[in-house]
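What follows is a set of notes on a single structure, which appears directly below.
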There are 2 protein chains.
Amino acid sequence: MTGEADEALLDIGEVARRSGLAPSALRFYERKGLIEPAARNGLRRAYRPETLDRLAMIGCARDAGFTLAEIGAFLGARPSDTTVRERMAAKEREVDARVRQLTRLRDSLRHAAVCDHDPLVECPDFKRAIRNVSVPDDAPMATS
Amino acid sequence: MTGEADEALLDIGEVARRSGLAPSALRFYERKGLIEPAARNGLRRAYRPETLDRLAMIGCARDAGFTLAEIGAFLGARPSDTTVRERMAAKEREVDARVRQLTRLRDSLRHAAVCDHDPLVECPDFKRAIRNVSVPDDAPMATS
DNA sequence: ATGCGACTTGAACCGCGGTTCAAGTCAAGC
DNA sequence: GCTTGACTTGAACCGCGGTTCAAGTCGCAT
């Protein structure tokens, strides 16, 4: 047998401490289907240590702007699952577009930091720059 | 006199149509102090055409992840206003960091699209990649 | 004068991602 | 046996960025 397997399981407080998440967040994630305790000691949740890895990934994805629902879909993904793979690919394109958008925004902000217009938002350079922020890269320019 | 100045003013419906925002959103922005009608015809708001420019900028900033409160602060910014300028500069660094984070995420997703692991999230390459997504660029690597 | 359509208001509601709270359940220690 | 402390539950609440709704107010046309 695996012997004292339950010795290896973690209390919710322990998982919270190690993951940096609040226990309430862990229970919330459970309701959303993102994590699941391996067992219960009475009422108490008992988590496998791997849950910490999973939580780290969830945290990354969340930081990166995925919704919890999206993350849930990705977590169950298997290589045969073409719809999820397609969604990942779509998300990649989406992220890539956002990277370019944010890059333009950063450049606008960079200009704003050295610009002398009063008020700042009236600076024609800034306006031109900021107007390009939301242009989807290869869309026709708004010339109005 | 400027003559029929009010002829040039826009109805909320017109602004909504031209800006792509719902009238409810425009009133919401007004409550938040982001926009303001130039006048009222009776109860009806009458906007200056410049409001459309302002809304375009607001839209860009919102798309870019600024909160409406941040945008409100920026909109009033004058060149002498050092605290707002500093916040813009801070935001620039923040956006820059996010660009790098999203770039790493995009690369992870790119790998996921061609990876054969089952489940996908167990792929060691993917895990290594995704773990780096949230590392602040020059922070010590998590080696646990 | 009657109705239509576009506006006005405040208040309620929504999804998201959680936190907070009250009340209850345990196991351990004194 | 009684307290203490960490957990359990469901329900309520939060900020954000709005939308929806009911009830009222206009100007204009018929």
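Chain identifiers are assigned as A, B, and so on, following the order in which chains appear in the structure tokens; residues are numbered from 1 within each chain, and ligands are numbered from 1 in order of appearance.
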
Counting only C-alpha atoms (C1' of nucleotides), what are the residues of chain D within 10 Å of chain A, and for each of them which pair of atoms is the nearest and at what distance in Å, to one decimal? Sort the table by chain and rising number, as CSV.
```
residue,atom,partner,partner_atom,distance
D:DA6,C1',A:Gly13,CA,8.2
D:DC7,C1',A:Arg44,CA,6.1
D:DT8,C1',A:Leu43,CA,6.1
D:DT9,C1',A:Leu43,CA,10.0
```

Enumerate as a JSON list (two decimals) with N, CA and C atoms (P, O5', C5', C4', C3', O3' and C1' of nucleotides), in the first residue's frame the residues belonging to chain C that approach chain B to within 9 Å, with only C-alpha atoms (C1' of nucleotides) taken into account.
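In the end it all went to result-v2.json:
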```json
[["chain", "number", "residue", "atom", "x", "y", "z"],
["C", 6, "DA", "P", -37.11, 57.04, -31.80],
["C", 6, "DA", "O5'", -36.31, 58.11, -30.94],
["C", 6, "DA", "C5'", -36.25, 59.46, -31.40],
["C", 6, "DA", "C4'", -35.82, 60.33, -30.23],
["C", 6, "DA", "C3'", -34.70, 59.69, -29.39],
["C", 6, "DA", "O3'", -33.64, 60.61, -29.17],
["C", 6, "DA", "C1'", -36.50, 60.35, -28.03],
["C", 7, "DC", "P", -32.31, 60.17, -28.41],
["C", 7, "DC", "O5'", -32.59, 60.59, -26.89],
["C", 7, "DC", "C5'", -32.25, 61.88, -26.46],
["C", 7, "DC", "C4'", -33.19, 62.34, -25.36],
["C", 7, "DC", "C3'", -32.70, 62.07, -23.93],
["C", 7, "DC", "O3'", -31.75, 63.05, -23.54],
["C", 7, "DC", "C1'", -35.07, 61.85, -24.18],
["C", 8, "DT", "P", -30.92, 62.79, -22.20],
["C", 8, "DT", "O5'", -32.01, 62.80, -21.03],
["C", 8, "DT", "C5'", -32.47, 64.05, -20.50],
["C", 8, "DT", "C4'", -33.35, 63.82, -19.30],
["C", 8, "DT", "C3'", -32.71, 63.00, -18.18],
["C", 8, "DT", "O3'", -31.92, 63.85, -17.36],
["C", 8, "DT", "C1'", -34.96, 62.30, -18.56]]
```

Original post:
Do you know which residues are at most 12 Å from D:DT20 counting only C-alpha atoms (C1' of nucleotides), after dropping those on the same chain fewer than 6 positions away, and could you put them as a list in words?
Top reply: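 Neighbouring residues, sequence-local ones excluded: Ser24 of chain B; DA11, DA12, DC13 and DC14 of chain C.
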
How would the residues just chosen look if you wrote them out with N, CA and C atoms (P, O5', C5', C4', C3', O3' and C1' of nucleotides) as a short mmCIF file (atom, residue, chain, number, x, y, z; two decimals), in the first residue's frame?
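Result file again_39.cif:
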```cif
data_model
loop_
_atom_site.label_atom_id
_atom_site.label_comp_id
_atom_site.auth_asym_id
_atom_site.auth_seq_id
_atom_site.Cartn_x
_atom_site.Cartn_y
_atom_site.Cartn_z
N SER B 24 -26.78 54.84 -22.08
CA SER B 24 -26.63 54.55 -20.65
C SER B 24 -25.16 54.66 -20.25
P DA C 11 -32.72 56.64 -5.82
"O5'" DA C 11 -33.20 55.16 -6.19
"C5'" DA C 11 -34.51 54.96 -6.74
"C4'" DA C 11 -34.63 53.50 -7.16
"C3'" DA C 11 -33.74 52.54 -6.36
"O3'" DA C 11 -34.46 51.36 -6.10
"C1'" DA C 11 -33.22 52.39 -8.65
P DA C 12 -33.78 50.19 -5.15
"O5'" DA C 12 -33.83 48.93 -6.13
"C5'" DA C 12 -34.91 48.78 -7.04
"C4'" DA C 12 -34.50 47.85 -8.17
"C3'" DA C 12 -33.69 46.65 -7.70
"O3'" DA C 12 -34.31 45.47 -8.19
"C1'" DA C 12 -32.58 47.75 -9.50
P DC C 13 -33.76 44.01 -7.75
"O5'" DC C 13 -32.76 43.62 -8.94
"C5'" DC C 13 -33.27 43.49 -10.25
"C4'" DC C 13 -32.12 43.40 -11.23
"C3'" DC C 13 -31.11 42.29 -10.93
"O3'" DC C 13 -31.28 41.23 -11.85
"C1'" DC C 13 -30.08 44.34 -11.65
P DC C 14 -30.41 39.85 -11.56
"O5'" DC C 14 -29.14 40.10 -12.49
"C5'" DC C 14 -29.32 40.42 -13.87
"C4'" DC C 14 -27.96 40.58 -14.51
"C3'" DC C 14 -26.93 39.59 -13.99
"O3'" DC C 14 -26.82 38.51 -14.90
"C1'" DC C 14 -26.04 41.83 -14.14
#
```

Original post:
Any idea which chain B residues end up within 7 Å of chain A if we count only C-alpha atoms, as JSON, numbers by chain please?
Top reply: {"B": [57, 60, 64, 75, 76, 77, 78, 79, 85, 88, 89, 92, 95, 96, 99, 102, 103, 106, 109, 110, 113, 116, 117, 118, 119, 120, 121, 130, 131, 133, 134]}

Subject >> 12 Å contact set for stretch 16-20 of chain C, only C-alpha atoms (C1' of nucleotides), chain neighbours under 6 positions out, as an MDAnalysis selection string >> reply: (chainID A and resid 21:29 31:32 62 66:69) or (chainID D and resid 11:17)

Keeping only N, CA, C and O atoms (P, O5', C5', C4', C3', O3' and C1' of nucleotides), write the selected residues as an mmCIF file, in the first residue's frame.
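What follows is the written file part_3.cif:
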```
data_model
loop_
_atom_site.group_PDB
_atom_site.id
_atom_site.type_symbol
_atom_site.label_atom_id
_atom_site.label_comp_id
_atom_site.auth_asym_id
_atom_site.auth_seq_id
_atom_site.Cartn_x
_atom_site.Cartn_y
_atom_site.Cartn_z
ATOM 1 N N LEU A 21 -3.151 32.438 -1.819
ATOM 2 C CA LEU A 21 -4.566 32.731 -2.037
ATOM 3 C C LEU A 21 -5.327 32.623 -0.717
ATOM 4 O O LEU A 21 -4.942 31.874 0.169
ATOM 5 N N ALA A 22 -6.413 33.346 -0.615
ATOM 6 C CA ALA A 22 -7.255 33.249 0.574
ATOM 7 C C ALA A 22 -8.045 31.940 0.517
ATOM 8 O O ALA A 22 -8.388 31.477 -0.572
ATOM 9 N N PRO A 23 -8.309 31.347 1.670
ATOM 10 C CA PRO A 23 -9.149 30.144 1.707
ATOM 11 C C PRO A 23 -10.478 30.374 0.987
ATOM 12 O O PRO A 23 -10.964 29.491 0.278
ATOM 13 N N SER A 24 -11.008 31.553 1.138
ATOM 14 C CA SER A 24 -12.277 31.846 0.466
ATOM 15 C C SER A 24 -12.112 31.745 -1.048
ATOM 16 O O SER A 24 -13.012 31.282 -1.746
ATOM 17 N N ALA A 25 -10.971 32.148 -1.537
ATOM 18 C CA ALA A 25 -10.714 32.058 -2.975
ATOM 19 C C ALA A 25 -10.623 30.591 -3.400
ATOM 20 O O ALA A 25 -11.122 30.213 -4.459
ATOM 21 N N LEU A 26 -10.012 29.761 -2.557
ATOM 22 C CA LEU A 26 -9.894 28.341 -2.891
ATOM 23 C C LEU A 26 -11.275 27.686 -2.955
ATOM 24 O O LEU A 26 -11.555 26.911 -3.874
ATOM 25 N N ARG A 27 -12.111 28.017 -2.008
ATOM 26 C CA ARG A 27 -13.473 27.465 -2.045
ATOM 27 C C ARG A 27 -14.220 28.003 -3.262
ATOM 28 O O ARG A 27 -14.981 27.277 -3.903
ATOM 29 N N PHE A 28 -13.978 29.266 -3.575
ATOM 30 C CA PHE A 28 -14.587 29.870 -4.760
ATOM 31 C C PHE A 28 -14.135 29.141 -6.024
ATOM 32 O O PHE A 28 -14.957 28.805 -6.890
ATOM 33 N N TYR A 29 -12.856 28.858 -6.136
ATOM 34 C CA TYR A 29 -12.330 28.134 -7.293
ATOM 35 C C TYR A 29 -12.946 26.733 -7.369
ATOM 36 O O TYR A 29 -13.190 26.218 -8.447
ATOM 37 N N ARG A 31 -15.945 25.896 -6.330
ATOM 38 C CA ARG A 31 -17.305 26.043 -6.861
ATOM 39 C C ARG A 31 -17.278 26.220 -8.374
ATOM 40 O O ARG A 31 -18.178 25.780 -9.074
ATOM 41 N N LYS A 32 -16.211 26.865 -8.863
ATOM 42 C CA LYS A 32 -16.094 27.104 -10.294
ATOM 43 C C LYS A 32 -15.513 25.894 -11.026
ATOM 44 O O LYS A 32 -15.339 25.929 -12.244
ATOM 45 N N ARG A 62 -4.816 33.666 -14.811
ATOM 46 C CA ARG A 62 -5.673 34.745 -14.317
ATOM 47 C C ARG A 62 -4.959 36.080 -14.475
ATOM 48 O O ARG A 62 -5.531 37.044 -14.977
ATOM 49 N N PHE A 66 -7.093 35.753 -18.483
ATOM 50 C CA PHE A 66 -8.109 34.758 -18.773
ATOM 51 C C PHE A 66 -9.203 34.835 -17.720
ATOM 52 O O PHE A 66 -8.922 35.100 -16.551
ATOM 53 N N THR A 67 -10.422 34.581 -18.130
ATOM 54 C CA THR A 67 -11.476 34.468 -17.125
ATOM 55 C C THR A 67 -11.372 33.090 -16.484
ATOM 56 O O THR A 67 -10.794 32.162 -17.054
ATOM 57 N N LEU A 68 -11.942 32.941 -15.304
ATOM 58 C CA LEU A 68 -11.897 31.647 -14.632
ATOM 59 C C LEU A 68 -12.591 30.581 -15.469
ATOM 60 O O LEU A 68 -12.183 29.421 -15.482
ATOM 61 N N ALA A 69 -13.610 30.961 -16.191
ATOM 62 C CA ALA A 69 -14.316 30.008 -17.040
ATOM 63 C C ALA A 69 -13.393 29.493 -18.147
ATOM 64 O O ALA A 69 -13.347 28.296 -18.432
ATOM 65 P P DA D 11 -28.326 29.825 0.697
ATOM 66 O "O5'" DA D 11 -28.157 31.305 1.251
ATOM 67 C "C5'" DA D 11 -28.139 31.538 2.663
ATOM 68 C "C4'" DA D 11 -27.758 32.977 2.930
ATOM 69 C "C3'" DA D 11 -28.153 33.937 1.799
ATOM 70 O "O3'" DA D 11 -28.645 35.137 2.366
ATOM 71 C "C1'" DA D 11 -25.839 34.079 2.176
ATOM 72 P P DA D 12 -29.259 36.282 1.379
ATOM 73 O "O5'" DA D 12 -28.381 37.545 1.789
ATOM 74 C "C5'" DA D 12 -27.952 37.705 3.139
ATOM 75 C "C4'" DA D 12 -26.733 38.607 3.185
ATOM 76 C "C3'" DA D 12 -26.855 39.817 2.252
ATOM 77 O "O3'" DA D 12 -26.617 40.990 3.018
ATOM 78 C "C1'" DA D 12 -24.787 38.688 1.913
ATOM 79 P P DC D 13 -26.807 42.450 2.350
ATOM 80 O "O5'" DC D 13 -25.337 42.834 1.859
ATOM 81 C "C5'" DC D 13 -24.306 42.967 2.825
ATOM 82 C "C4'" DC D 13 -22.966 43.045 2.123
ATOM 83 C "C3'" DC D 13 -22.884 44.149 1.066
ATOM 84 O "O3'" DC D 13 -22.081 45.207 1.559
ATOM 85 C "C1'" DC D 13 -21.837 42.109 0.373
ATOM 86 P P DC D 14 -22.006 46.582 0.668
ATOM 87 O "O5'" DC D 14 -20.688 46.354 -0.194
ATOM 88 C "C5'" DC D 14 -19.467 46.007 0.464
ATOM 89 C "C4'" DC D 14 -18.374 45.850 -0.557
ATOM 90 C "C3'" DC D 14 -18.485 46.836 -1.711
ATOM 91 O "O3'" DC D 14 -17.609 47.916 -1.478
ATOM 92 C "C1'" DC D 14 -18.031 44.587 -2.468
ATOM 93 P P DG D 15 -17.768 49.247 -2.355
ATOM 94 O "O5'" DG D 15 -16.872 48.906 -3.630
ATOM 95 C "C5'" DG D 15 -15.467 48.642 -3.475
ATOM 96 C "C4'" DG D 15 -14.857 48.385 -4.836
ATOM 97 C "C3'" DG D 15 -15.168 49.464 -5.887
ATOM 98 O "O3'" DG D 15 -14.001 49.640 -6.696
ATOM 99 C "C1'" DG D 15 -16.036 47.391 -6.607
ATOM 100 P P DC D 16 -13.990 50.841 -7.774
ATOM 101 O "O5'" DC D 16 -14.309 50.120 -9.158
ATOM 102 C "C5'" DC D 16 -13.440 49.115 -9.641
ATOM 103 C "C4'" DC D 16 -14.080 48.436 -10.814
ATOM 104 C "C3'" DC D 16 -14.635 49.399 -11.873
ATOM 105 O "O3'" DC D 16 -13.847 49.260 -13.041
ATOM 106 C "C1'" DC D 16 -16.112 47.572 -11.444
ATOM 107 P P DG D 17 -13.797 50.370 -14.155
ATOM 108 O "O5'" DG D 17 -15.049 49.988 -15.078
ATOM 109 C "C5'" DG D 17 -14.994 48.811 -15.862
ATOM 110 C "C4'" DG D 17 -16.357 48.533 -16.455
ATOM 111 C "C3'" DG D 17 -17.038 49.753 -17.113
ATOM 112 O "O3'" DG D 17 -17.670 49.333 -18.320
ATOM 113 C "C1'" DG D 17 -18.470 48.750 -15.625
#
```

Subject >> Polymer residues at most 12 Å from D:DT3, only C-alpha atoms (C1' of nucleotides), same-chain spacing of 5 or more positions, as a list in words >> reply: DA28, DG29 and DC30 of chain C

**OP:** Write out as a ChimeraX atom specification all residues of chain B that backbone DSSP assigns to alpha helix (DSSP H).
**Re:** /B:12-19,23-31,50-63,68-75,82-112,124-133

Subject >> DSSP strand (DSSP E or B) residues within chain A, listed as a PyMOL selection string >> reply: chain A and resi 10-11+39-41+44-47

**OP:** Go ahead and compute the interatomic distance for atom CA of A:Arg48 and atom CA of A:Leu10, in Å to one decimal.
**Re:** 6.2 Å

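Atom to atom, atom C1' of C:DG15 and atom C1' of D:DG18 stand 10.3 Å apart.
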
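Picture a line from atom CA of A:Gly33 to atom CA of A:Glu14; it runs 20.1 Å.
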